[in-house]
$ cat upload_28.cif   # mmCIF, C-alpha atoms
data_structure
loop_
_atom_site.group_PDB
_atom_site.id
_atom_site.type_symbol
_atom_site.label_atom_id
_atom_site.label_comp_id
_atom_site.auth_asym_id
_atom_site.auth_seq_id
_atom_site.Cartn_x
_atom_site.Cartn_y
_atom_site.Cartn_z
ATOM 1 C CA MET A 1 77.389 120.644 115.288
ATOM 2 C CA PRO A 2 79.399 120.512 112.028
ATOM 3 C CA SER A 3 83.083 119.726 112.259
ATOM 4 C CA GLN A 4 85.414 122.719 112.296
ATOM 5 C CA ASN A 5 88.080 120.577 110.641
ATOM 6 C CA PRO A 6 86.398 118.105 108.253
ATOM 7 C CA ARG A 7 88.188 115.119 106.790
ATOM 8 C CA VAL A 8 89.021 115.618 103.092
ATOM 9 C CA GLY A 9 90.446 112.147 102.413
ATOM 10 C CA VAL A 10 93.235 109.734 103.266
ATOM 11 C CA CYS A 11 96.908 109.622 102.415
ATOM 12 C CA PRO A 12 97.528 107.224 99.517
ATOM 13 C CA ARG A 13 101.012 106.533 100.938
ATOM 14 C CA CYS A 14 100.355 105.713 104.605
ATOM 15 C CA GLY A 15 96.548 105.718 104.993
ATOM 16 C CA ASP A 16 96.431 108.485 107.628
ATOM 17 C CA SER A 17 93.368 110.780 107.672
ATOM 18 C CA ILE A 18 93.836 114.166 105.994
ATOM 19 C CA ARG A 19 91.849 117.001 107.557
ATOM 20 C CA HIS A 20 91.071 120.391 106.058
ATOM 21 C CA ARG A 21 93.760 122.044 108.221
ATOM 22 C CA HIS A 22 96.403 120.051 106.285
ATOM 23 C CA VAL A 23 95.303 121.403 102.870
ATOM 24 C CA LEU A 24 97.989 123.346 100.995
ATOM 25 C CA VAL A 25 96.137 123.911 97.703
ATOM 26 C CA GLU A 26 92.414 123.734 96.963
ATOM 27 C CA TYR A 27 91.188 123.865 93.349
ATOM 28 C CA GLU A 28 88.085 123.120 91.294
ATOM 29 C CA THR A 29 87.785 120.700 88.392
ATOM 30 C CA GLY A 30 84.341 121.164 86.884
ATOM 31 C CA ASP A 31 81.854 120.381 89.662
ATOM 32 C CA ASP A 32 84.483 118.811 91.954
ATOM 33 C CA VAL A 33 86.807 120.358 94.560
ATOM 34 C CA ARG A 34 90.271 118.747 94.783
ATOM 35 C CA TYR A 35 93.153 119.173 97.219
ATOM 36 C CA TRP A 36 96.883 118.844 97.643
ATOM 37 C CA ALA A 37 97.662 118.422 101.315
ATOM 38 C CA GLU A 38 100.530 117.655 103.682
ATOM 39 C CA CYS A 39 100.003 114.302 105.366
ATOM 40 C CA PRO A 40 100.311 114.507 109.164
ATOM 41 C CA GLY A 41 101.528 110.894 109.261
ATOM 42 C CA CYS A 42 104.279 110.624 106.667
ATOM 43 C CA GLY A 43 104.810 114.329 105.823
ATOM 44 C CA GLY A 44 104.304 113.786 102.099
ATOM 45 C CA VAL A 45 102.449 116.226 99.868
ATOM 46 C CA VAL A 46 99.622 114.112 98.467
ATOM 47 C CA ASP A 47 96.255 114.126 96.723
ATOM 48 C CA PRO A 48 94.004 112.752 99.494
ATOM 49 C CA ASN A 49 91.367 111.763 96.935
ATOM 50 C CA ALA A 50 93.723 109.631 94.832
#
$ encode --input "upload_28.cif" --output "structure tokens"
Amino acid sequence: MPSQNPRVGVCPRCGDSIRHRHVLVEYETGDDVRYWAECPGCGGVVDPNA
């Protein structure tokens, strides 16, 4: 069964896992999908793919 809340990356500040439910902005860059998300660990707004 696929995850209802997939992981999109990790916080570059604290290393906590970022899940899709934390995403604030989702955008496309060519063939790639990127995110800005609120980290559940440190509360920062980060790029989990950085």
$ closest_residue --input "upload_28.cif" --among "A:Gly9, A:Ser17, A:Val23, A:Asp32" --to "A:Val45" --atoms "all atoms listed in the file"
A:Val23
$ atom_distance --input "upload_28.cif" --atom1 "atom CA of A:Cys39" --atom2 "atom CA of A:Ile18"
6.2 Å
$ resolve_selection --input "upload_28.cif" --expression "the PyMOL selection byres ((chain A and resi 11) around 10)" --output "PyMOL selection string"
chain A and resi 8-10+12-18+37-50
$ resolve_selection --input "upload_28.cif" --expression "the PyMOL selection byres ((chain A and resi 25) around 8)" --output "short mmCIF file (atom, residue, chain, number, x, y, z; two decimals) with C-alpha atoms, in the coordinates of the input"
data_model
loop_
_atom_site.label_atom_id
_atom_site.label_comp_id
_atom_site.auth_asym_id
_atom_site.auth_seq_id
_atom_site.Cartn_x
_atom_site.Cartn_y
_atom_site.Cartn_z
CA VAL A 23 95.30 121.40 102.87
CA LEU A 24 97.99 123.35 101.00
CA GLU A 26 92.41 123.73 96.96
CA TYR A 27 91.19 123.86 93.35
CA TYR A 35 93.15 119.17 97.22
CA TRP A 36 96.88 118.84 97.64
CA ALA A 37 97.66 118.42 101.32
#
$ resolve_selection --input "upload_28.cif" --expression "the PyMOL selection byres ((chain A and resi 5) around 10)" --output "list in words"
Pro2, Ser3, Gln4, Pro6, Arg7, Val8, Ile18, Arg19, His20, Arg21 and His22 of chain A
$ axis_aligned_box --input "upload_28.cif" --around "stretch 13-27 of chain A" --padding-each-side "6 Å" --output "JSON"
{"center_x": 96.0, "center_y": 114.8, "center_z": 100.8, "size_x": 21.9, "size_y": 30.2, "size_z": 26.9}
$ build_atoms --input "upload_28.cif" --residues "stretch 7-27 of chain A" --atoms "N, CA, C and O atoms" --output "mmCIF file, keeping the file's coordinate frame"
data_model
loop_
_atom_site.group_PDB
_atom_site.id
_atom_site.type_symbol
_atom_site.label_atom_id
_atom_site.label_comp_id
_atom_site.auth_asym_id
_atom_site.auth_seq_id
_atom_site.Cartn_x
_atom_site.Cartn_y
_atom_site.Cartn_z
ATOM 1 N N ARG A 7 87.269 116.019 107.489
ATOM 2 C CA ARG A 7 88.188 115.119 106.790
ATOM 3 C C ARG A 7 87.998 115.310 105.290
ATOM 4 O O ARG A 7 86.874 115.336 104.798
ATOM 5 N N VAL A 8 89.091 115.455 104.547
ATOM 6 C CA VAL A 8 89.021 115.618 103.092
ATOM 7 C C VAL A 8 89.466 114.364 102.346
ATOM 8 O O VAL A 8 89.313 114.289 101.141
ATOM 9 N N GLY A 9 90.016 113.392 103.054
ATOM 10 C CA GLY A 9 90.446 112.147 102.413
ATOM 11 C C GLY A 9 91.484 111.436 103.242
ATOM 12 O O GLY A 9 91.655 111.719 104.427
ATOM 13 N N VAL A 10 92.178 110.491 102.599
ATOM 14 C CA VAL A 10 93.235 109.734 103.266
ATOM 15 C C VAL A 10 94.505 109.783 102.431
ATOM 16 O O VAL A 10 94.461 109.939 101.217
ATOM 17 N N CYS A 11 95.617 109.623 103.090
ATOM 18 C CA CYS A 11 96.908 109.622 102.415
ATOM 19 C C CYS A 11 97.054 108.331 101.612
ATOM 20 O O CYS A 11 96.911 107.236 102.169
ATOM 21 N N PRO A 12 97.336 108.434 100.304
ATOM 22 C CA PRO A 12 97.528 107.224 99.517
ATOM 23 C C PRO A 12 98.837 106.497 99.846
ATOM 24 O O PRO A 12 99.025 105.350 99.465
ATOM 25 N N ARG A 13 99.728 107.153 100.565
ATOM 26 C CA ARG A 13 101.012 106.533 100.938
ATOM 27 C C ARG A 13 100.908 105.741 102.239
ATOM 28 O O ARG A 13 101.351 104.607 102.314
ATOM 29 N N CYS A 14 100.353 106.369 103.293
ATOM 30 C CA CYS A 14 100.355 105.713 104.605
ATOM 31 C C CYS A 14 98.965 105.434 105.170
ATOM 32 O O CYS A 14 98.843 104.766 106.185
ATOM 33 N N GLY A 15 97.911 105.987 104.541
ATOM 34 C CA GLY A 15 96.548 105.718 104.993
ATOM 35 C C GLY A 15 96.049 106.607 106.121
ATOM 36 O O GLY A 15 94.940 106.413 106.606
ATOM 37 N N ASP A 16 96.847 107.576 106.549
ATOM 38 C CA ASP A 16 96.431 108.485 107.628
ATOM 39 C C ASP A 16 95.327 109.416 107.124
ATOM 40 O O ASP A 16 95.270 109.761 105.949
ATOM 41 N N SER A 17 94.428 109.836 108.025
ATOM 42 C CA SER A 17 93.368 110.780 107.672
ATOM 43 C C SER A 17 93.943 112.160 107.400
ATOM 44 O O SER A 17 94.805 112.633 108.132
ATOM 45 N N ILE A 18 93.447 112.799 106.337
ATOM 46 C CA ILE A 18 93.836 114.166 105.994
ATOM 47 C C ILE A 18 92.647 115.059 106.329
ATOM 48 O O ILE A 18 91.534 114.828 105.847
ATOM 49 N N ARG A 19 92.888 116.040 107.155
ATOM 50 C CA ARG A 19 91.849 117.001 107.557
ATOM 51 C C ARG A 19 92.050 118.310 106.814
ATOM 52 O O ARG A 19 93.114 118.578 106.259
ATOM 53 N N HIS A 20 91.023 119.131 106.807
ATOM 54 C CA HIS A 20 91.071 120.391 106.058
ATOM 55 C C HIS A 20 92.239 121.271 106.495
ATOM 56 O O HIS A 20 92.812 121.993 105.684
ATOM 57 N N ARG A 21 92.640 121.206 107.750
ATOM 58 C CA ARG A 21 93.760 122.044 108.221
ATOM 59 C C ARG A 21 95.087 121.681 107.558
ATOM 60 O O ARG A 21 96.033 122.448 107.586
ATOM 61 N N HIS A 22 95.182 120.496 106.944
ATOM 62 C CA HIS A 22 96.403 120.051 106.285
ATOM 63 C C HIS A 22 96.469 120.467 104.814
ATOM 64 O O HIS A 22 97.492 120.253 104.160
ATOM 65 N N VAL A 23 95.376 121.044 104.293
ATOM 66 C CA VAL A 23 95.303 121.403 102.870
ATOM 67 C C VAL A 23 96.278 122.531 102.554
ATOM 68 O O VAL A 23 96.329 123.548 103.238
ATOM 69 N N LEU A 24 97.058 122.330 101.485
ATOM 70 C CA LEU A 24 97.989 123.346 100.995
ATOM 71 C C LEU A 24 97.408 124.084 99.798
ATOM 72 O O LEU A 24 97.586 125.296 99.664
ATOM 73 N N VAL A 25 96.732 123.344 98.910
ATOM 74 C CA VAL A 25 96.137 123.911 97.703
ATOM 75 C C VAL A 25 94.747 123.310 97.532
ATOM 76 O O VAL A 25 94.577 122.098 97.634
ATOM 77 N N GLU A 26 93.776 124.168 97.256
ATOM 78 C CA GLU A 26 92.414 123.734 96.963
ATOM 79 C C GLU A 26 92.060 124.280 95.585
ATOM 80 O O GLU A 26 92.274 125.457 95.314
ATOM 81 N N TYR A 27 91.530 123.417 94.698
ATOM 82 C CA TYR A 27 91.188 123.865 93.349
ATOM 83 C C TYR A 27 89.955 123.128 92.850
ATOM 84 O O TYR A 27 89.589 122.079 93.374
#
